[in-house]
Amino acid sequence: MSNTNGRDDMLATNKRQKEFYNATGSKRKKNLPSRVWSFVRNGLLASYRRNFNISERVYAQHKIWLGDLSDKKVLDLGCLSGNALSVYQAENAKSYTGIDLSETGIAVLKKKLEKAGCTNARAVAVDFLSDAFSETDFDVIYAYGVLHHFENLEVLIDRLNSKLADGGKVIAYDPLNTSFPVKVLRFIYRPFQSDKDWEWPFDEKTVNSFYTHFKVLDVKGVLGKSKYGIPLSLLPLNRKFKNRVIQKWIDQDWNISSEQDIHKCMHVTMLMQKK
């Protein structure tokens, strides 16, 4: 498939994705398996992350990677109504642009930026792949939970590089489909997934492609060995013992030392630089 055809197919998929994310609350159509997974993700898994400060560690690392933004032009890609660091970036960057497919999400982000007094920031409802989004030379592209929404990796990588300034960086956080238990769960769940047409968790090929086409400056793993801490936390064992073991696993995941170690994790966050 050519890049042009791949891009056209993704633009068509994004129209359906736009309708999905423009719907809110009960209007958003989620089937039973999707609702069950949302319950698990927003319940048990969210509680586990919160108890061990996993998400906070990711955001703190992203702030380190973002560094001094006072002279940086930032693109907040697929930010919907604003992620955890959207306003932070807008307040500190020389120039901030937040984009998403959803007009309803962008409307909310605009209000947040206005409330924060971010005069150097704007929020735009536009498709990253479309000709309507012509801005370039971004020093930073922040993509939290976004890059796995692009099925055609070659198109995505070309587009990222075309939007980055020389030496520009991408900060990404995405789910993986590389460890055996996760592959099994996703294999069972995916046929029933309401948003399966635009959910493509990274596989080994995806990770390898990023290493090939970008200079990977840093990488952190999330929920590798420590994913087994979820059932461990439910066992009737001494709490201090369980917490000590789980924290050790979390630290081991975070300090992965090779590309192969990434594949054991459920999520990965990467700092990549344009070559």
# chains A, B, ... in the order shown; residues from 1 in each chain; ligands from 1
call {"tool": "residues_around", "arguments": {"residues": "stretch 87-95 of chain A", "least_positions_apart": "3", "cutoff": "9 Å", "atoms": "only C-alpha atoms", "output": "list in words"}}
result
Lys63, Leu66, Asp68, Leu69, Ser70, Asp71, Lys72, Lys73, Val74, Leu75, Asp76, Gly82, Asn83, Ala84, Gly98, Leu109, Lys112, Leu113, Ala116, Gly117, Cys118, Thr119, Asn120, Ala121 and Arg122 of chain A
call {"tool": "select_by_dssp", "arguments": {"residues": "stretch 153-270 of chain A", "states": "alpha helix (DSSP H)", "output": "tab-separated table (two decimals) with N, CA and C atoms, in the first residue's frame"}}
result
chain	number	residue	atom	x	y	z
A	153	LEU	N	2.02	2.75	10.25
A	153	LEU	CA	3.16	3.31	10.97
A	153	LEU	C	4.03	4.16	10.08
A	154	GLU	N	4.18	3.75	8.82
A	154	GLU	CA	5.03	4.51	7.89
A	154	GLU	C	4.47	5.91	7.67
A	155	VAL	N	3.16	5.99	7.52
A	155	VAL	CA	2.50	7.30	7.35
A	155	VAL	C	2.71	8.15	8.59
A	156	LEU	N	2.53	7.55	9.76
A	156	LEU	CA	2.69	8.28	11.02
A	156	LEU	C	4.10	8.83	11.17
A	157	ILE	N	5.09	7.98	10.96
A	157	ILE	CA	6.48	8.41	11.14
A	157	ILE	C	6.84	9.52	10.16
A	158	ASP	N	6.41	9.41	8.91
A	158	ASP	CA	6.66	10.46	7.92
A	158	ASP	C	6.03	11.78	8.36
A	159	ARG	N	4.81	11.67	8.89
A	159	ARG	CA	4.09	12.89	9.30
A	159	ARG	C	4.76	13.54	10.51
A	160	LEU	N	5.17	12.73	11.47
A	160	LEU	CA	5.86	13.27	12.64
A	160	LEU	C	7.13	14.01	12.22
A	161	ASN	N	7.91	13.38	11.36
A	161	ASN	CA	9.16	13.99	10.92
A	161	ASN	C	8.92	15.28	10.13
A	162	SER	N	7.83	15.31	9.37
A	162	SER	CA	7.54	16.51	8.58
A	162	SER	C	7.09	17.68	9.45
A	163	LYS	N	6.61	17.38	10.64
A	163	LYS	CA	6.12	18.43	11.54
A	163	LYS	C	7.17	18.89	12.54
A	180	PHE	N	2.99	-11.92	26.48
A	180	PHE	CA	2.04	-13.01	26.20
A	180	PHE	C	0.68	-12.83	26.88
A	181	PRO	N	0.62	-12.54	28.19
A	181	PRO	CA	-0.70	-12.41	28.82
A	181	PRO	C	-1.53	-11.27	28.25
A	182	VAL	N	-0.86	-10.18	27.86
A	182	VAL	CA	-1.57	-9.04	27.27
A	182	VAL	C	-2.07	-9.40	25.88
A	183	LYS	N	-1.26	-10.12	25.11
A	183	LYS	CA	-1.69	-10.56	23.79
A	183	LYS	C	-2.94	-11.42	23.88
A	184	VAL	N	-2.97	-12.32	24.86
A	184	VAL	CA	-4.12	-13.21	25.04
A	184	VAL	C	-5.37	-12.40	25.37
A	185	LEU	N	-5.24	-11.46	26.31
A	185	LEU	CA	-6.38	-10.65	26.71
A	185	LEU	C	-6.90	-9.80	25.55
A	186	ARG	N	-5.97	-9.20	24.81
A	186	ARG	CA	-6.38	-8.36	23.69
A	186	ARG	C	-7.00	-9.20	22.57
A	187	PHE	N	-6.50	-10.41	22.37
A	187	PHE	CA	-7.06	-11.31	21.35
A	187	PHE	C	-8.51	-11.64	21.68
A	188	ILE	N	-8.79	-11.85	22.95
A	188	ILE	CA	-10.16	-12.16	23.38
A	188	ILE	C	-11.06	-10.94	23.28
A	189	TYR	N	-10.52	-9.80	23.68
A	189	TYR	CA	-11.33	-8.59	23.80
A	189	TYR	C	-11.53	-7.85	22.48
A	204	GLU	N	6.05	-5.56	18.41
A	204	GLU	CA	7.51	-5.52	18.31
A	204	GLU	C	7.98	-4.71	17.09
A	205	LYS	N	7.25	-4.86	15.98
A	205	LYS	CA	7.61	-4.13	14.76
A	205	LYS	C	7.50	-2.62	14.96
A	206	THR	N	6.47	-2.19	15.68
A	206	THR	CA	6.28	-0.77	15.94
A	206	THR	C	7.45	-0.21	16.73
A	207	VAL	N	7.79	-0.88	17.81
A	207	VAL	CA	8.90	-0.43	18.65
A	207	VAL	C	10.19	-0.39	17.86
A	208	ASN	N	10.44	-1.42	17.07
A	208	ASN	CA	11.66	-1.47	16.24
A	208	ASN	C	11.70	-0.32	15.24
A	209	SER	N	10.55	0.02	14.68
A	209	SER	CA	10.49	1.11	13.70
A	209	SER	C	10.84	2.45	14.33
A	210	PHE	N	10.37	2.68	15.54
A	210	PHE	CA	10.71	3.93	16.22
A	210	PHE	C	12.22	4.00	16.48
A	211	TYR	N	12.80	2.88	16.86
A	211	TYR	CA	14.25	2.85	17.09
A	211	TYR	C	15.01	3.08	15.78
A	212	THR	N	14.44	2.65	14.67
A	212	THR	CA	15.10	2.80	13.37
A	212	THR	C	15.02	4.23	12.84
A	213	HIS	N	13.85	4.85	13.00
A	213	HIS	CA	13.61	6.14	12.36
A	213	HIS	C	13.85	7.34	13.26
A	229	GLY	N	1.73	-7.71	40.03
A	229	GLY	CA	1.46	-7.17	41.36
A	229	GLY	C	-0.02	-6.93	41.60
A	230	ILE	N	-0.80	-6.85	40.51
A	230	ILE	CA	-2.25	-6.64	40.67
A	230	ILE	C	-2.88	-7.83	41.37
A	231	PRO	N	-2.70	-9.07	40.88
A	231	PRO	CA	-3.25	-10.20	41.64
A	231	PRO	C	-2.55	-10.40	42.98
A	232	LEU	N	-1.24	-10.09	43.04
A	232	LEU	CA	-0.52	-10.22	44.31
A	232	LEU	C	-1.13	-9.31	45.37
A	233	SER	N	-1.52	-8.13	44.97
A	233	SER	CA	-2.08	-7.16	45.93
A	233	SER	C	-3.39	-7.63	46.53
A	234	LEU	N	-4.06	-8.57	45.87
A	234	LEU	CA	-5.35	-9.07	46.34
A	234	LEU	C	-5.22	-10.27	47.27
A	239	ARG	N	0.76	-6.68	54.16
A	239	ARG	CA	0.70	-5.54	53.25
A	239	ARG	C	2.08	-4.96	52.97
A	240	LYS	N	2.91	-4.81	54.00
A	240	LYS	CA	4.24	-4.24	53.79
A	240	LYS	C	5.08	-5.12	52.87
A	241	PHE	N	4.95	-6.44	53.03
A	241	PHE	CA	5.67	-7.37	52.17
A	241	PHE	C	5.21	-7.23	50.72
A	242	LYS	N	3.90	-7.20	50.51
A	242	LYS	CA	3.36	-7.08	49.16
A	242	LYS	C	3.80	-5.77	48.51
A	243	ASN	N	3.70	-4.69	49.26
A	243	ASN	CA	4.07	-3.38	48.72
A	243	ASN	C	5.55	-3.31	48.38
A	244	ARG	N	6.38	-3.93	49.19
A	244	ARG	CA	7.82	-3.92	48.95
A	244	ARG	C	8.16	-4.68	47.66
A	245	VAL	N	7.52	-5.83	47.48
A	245	VAL	CA	7.76	-6.63	46.27
A	245	VAL	C	7.25	-5.90	45.04
A	246	ILE	N	6.05	-5.35	45.12
A	246	ILE	CA	5.46	-4.66	43.98
A	246	ILE	C	6.28	-3.44	43.59
A	247	GLN	N	6.72	-2.66	44.59
A	247	GLN	CA	7.52	-1.47	44.29
A	247	GLN	C	8.83	-1.84	43.63
A	248	LYS	N	9.43	-2.95	44.05
A	248	LYS	CA	10.67	-3.43	43.42
A	248	LYS	C	10.42	-3.76	41.95
A	249	TRP	N	9.29	-4.42	41.66
A	249	TRP	CA	8.96	-4.76	40.27
A	249	TRP	C	8.72	-3.51	39.44
A	250	ILE	N	8.01	-2.53	40.03
A	250	ILE	CA	7.73	-1.28	39.32
A	250	ILE	C	9.03	-0.58	38.95
A	251	ASP	N	9.98	-0.54	39.88
A	251	ASP	CA	11.26	0.11	39.63
A	251	ASP	C	12.04	-0.63	38.54
A	252	GLN	N	11.98	-1.96	38.55
A	252	GLN	CA	12.67	-2.75	37.52
A	252	GLN	C	12.09	-2.46	36.14
A	253	ASP	N	10.77	-2.37	36.05
A	253	ASP	CA	10.13	-2.03	34.77
A	253	ASP	C	10.57	-0.65	34.30
A	254	TRP	N	10.59	0.28	35.23
A	254	TRP	CA	10.90	1.67	34.91
A	254	TRP	C	12.33	1.83	34.39
A	259	GLU	N	15.99	-2.83	24.47
A	259	GLU	CA	14.76	-2.77	23.66
A	259	GLU	C	13.88	-3.99	23.93
A	260	GLN	N	14.48	-5.15	24.15
A	260	GLN	CA	13.72	-6.36	24.39
A	260	GLN	C	12.94	-6.29	25.70
A	261	ASP	N	13.48	-5.56	26.69
A	261	ASP	CA	12.78	-5.43	27.97
A	261	ASP	C	11.45	-4.70	27.82
A	262	ILE	N	11.37	-3.83	26.80
A	262	ILE	CA	10.14	-3.08	26.57
A	262	ILE	C	8.97	-4.04	26.31
call {"tool": "atom_distance", "arguments": {"atom1": "atom CA of A:Lys274", "atom2": "atom CA of A:Asp8"}}
result
24.6 Å
call {"tool": "atom_distance", "arguments": {"atom1": "atom CA of A:Asp203", "atom2": "atom CA of A:Leu176"}}
result
6.1 Å
call {"tool": "closest_residue", "arguments": {"among": "A:Ala125, A:Ala143, A:Tyr228, A:Asn14", "to": "A:Glu199", "atoms": "only C-alpha atoms"}}
result
A:Asn14
call {"tool": "residues_around", "arguments": {"residues": "A:Leu164", "least_positions_apart": "2", "cutoff": "8 Å", "atoms": "only C-alpha atoms", "output": "PyMOL selection string"}}
result
chain A and resi 136-141+160-162+166-169+274
call {"tool": "decode", "arguments": {"residues": "stretch 163-179 of chain A", "atoms": "C-alpha atoms", "output": "mmCIF file, in the first residue's frame"}}
result
data_model
loop_
_atom_site.group_PDB
_atom_site.id
_atom_site.type_symbol
_atom_site.label_atom_id
_atom_site.label_comp_id
_atom_site.auth_asym_id
_atom_site.auth_seq_id
_atom_site.Cartn_x
_atom_site.Cartn_y
_atom_site.Cartn_z
ATOM 1 C CA LYS A 163 6.118 18.427 11.542
ATOM 2 C CA LEU A 164 9.252 18.437 13.697
ATOM 3 C CA ALA A 165 11.919 21.096 13.558
ATOM 4 C CA ASP A 166 15.511 19.936 13.138
ATOM 5 C CA GLY A 167 16.432 18.127 16.353
ATOM 6 C CA GLY A 168 12.797 18.212 17.459
ATOM 7 C CA LYS A 169 11.563 15.653 19.972
ATOM 8 C CA VAL A 170 8.546 13.391 20.432
ATOM 9 C CA ILE A 171 7.317 12.372 23.881
ATOM 10 C CA ALA A 172 4.988 9.396 23.610
ATOM 11 C CA TYR A 173 3.084 7.148 25.996
ATOM 12 C CA ASP A 174 1.225 4.168 24.542
ATOM 13 C CA PRO A 175 -0.038 0.641 25.273
ATOM 14 C CA LEU A 176 1.874 -2.417 24.095
ATOM 15 C CA ASN A 177 0.674 -5.700 22.669
ATOM 16 C CA THR A 178 3.929 -7.574 23.151
ATOM 17 C CA SER A 179 3.816 -9.647 26.353
#
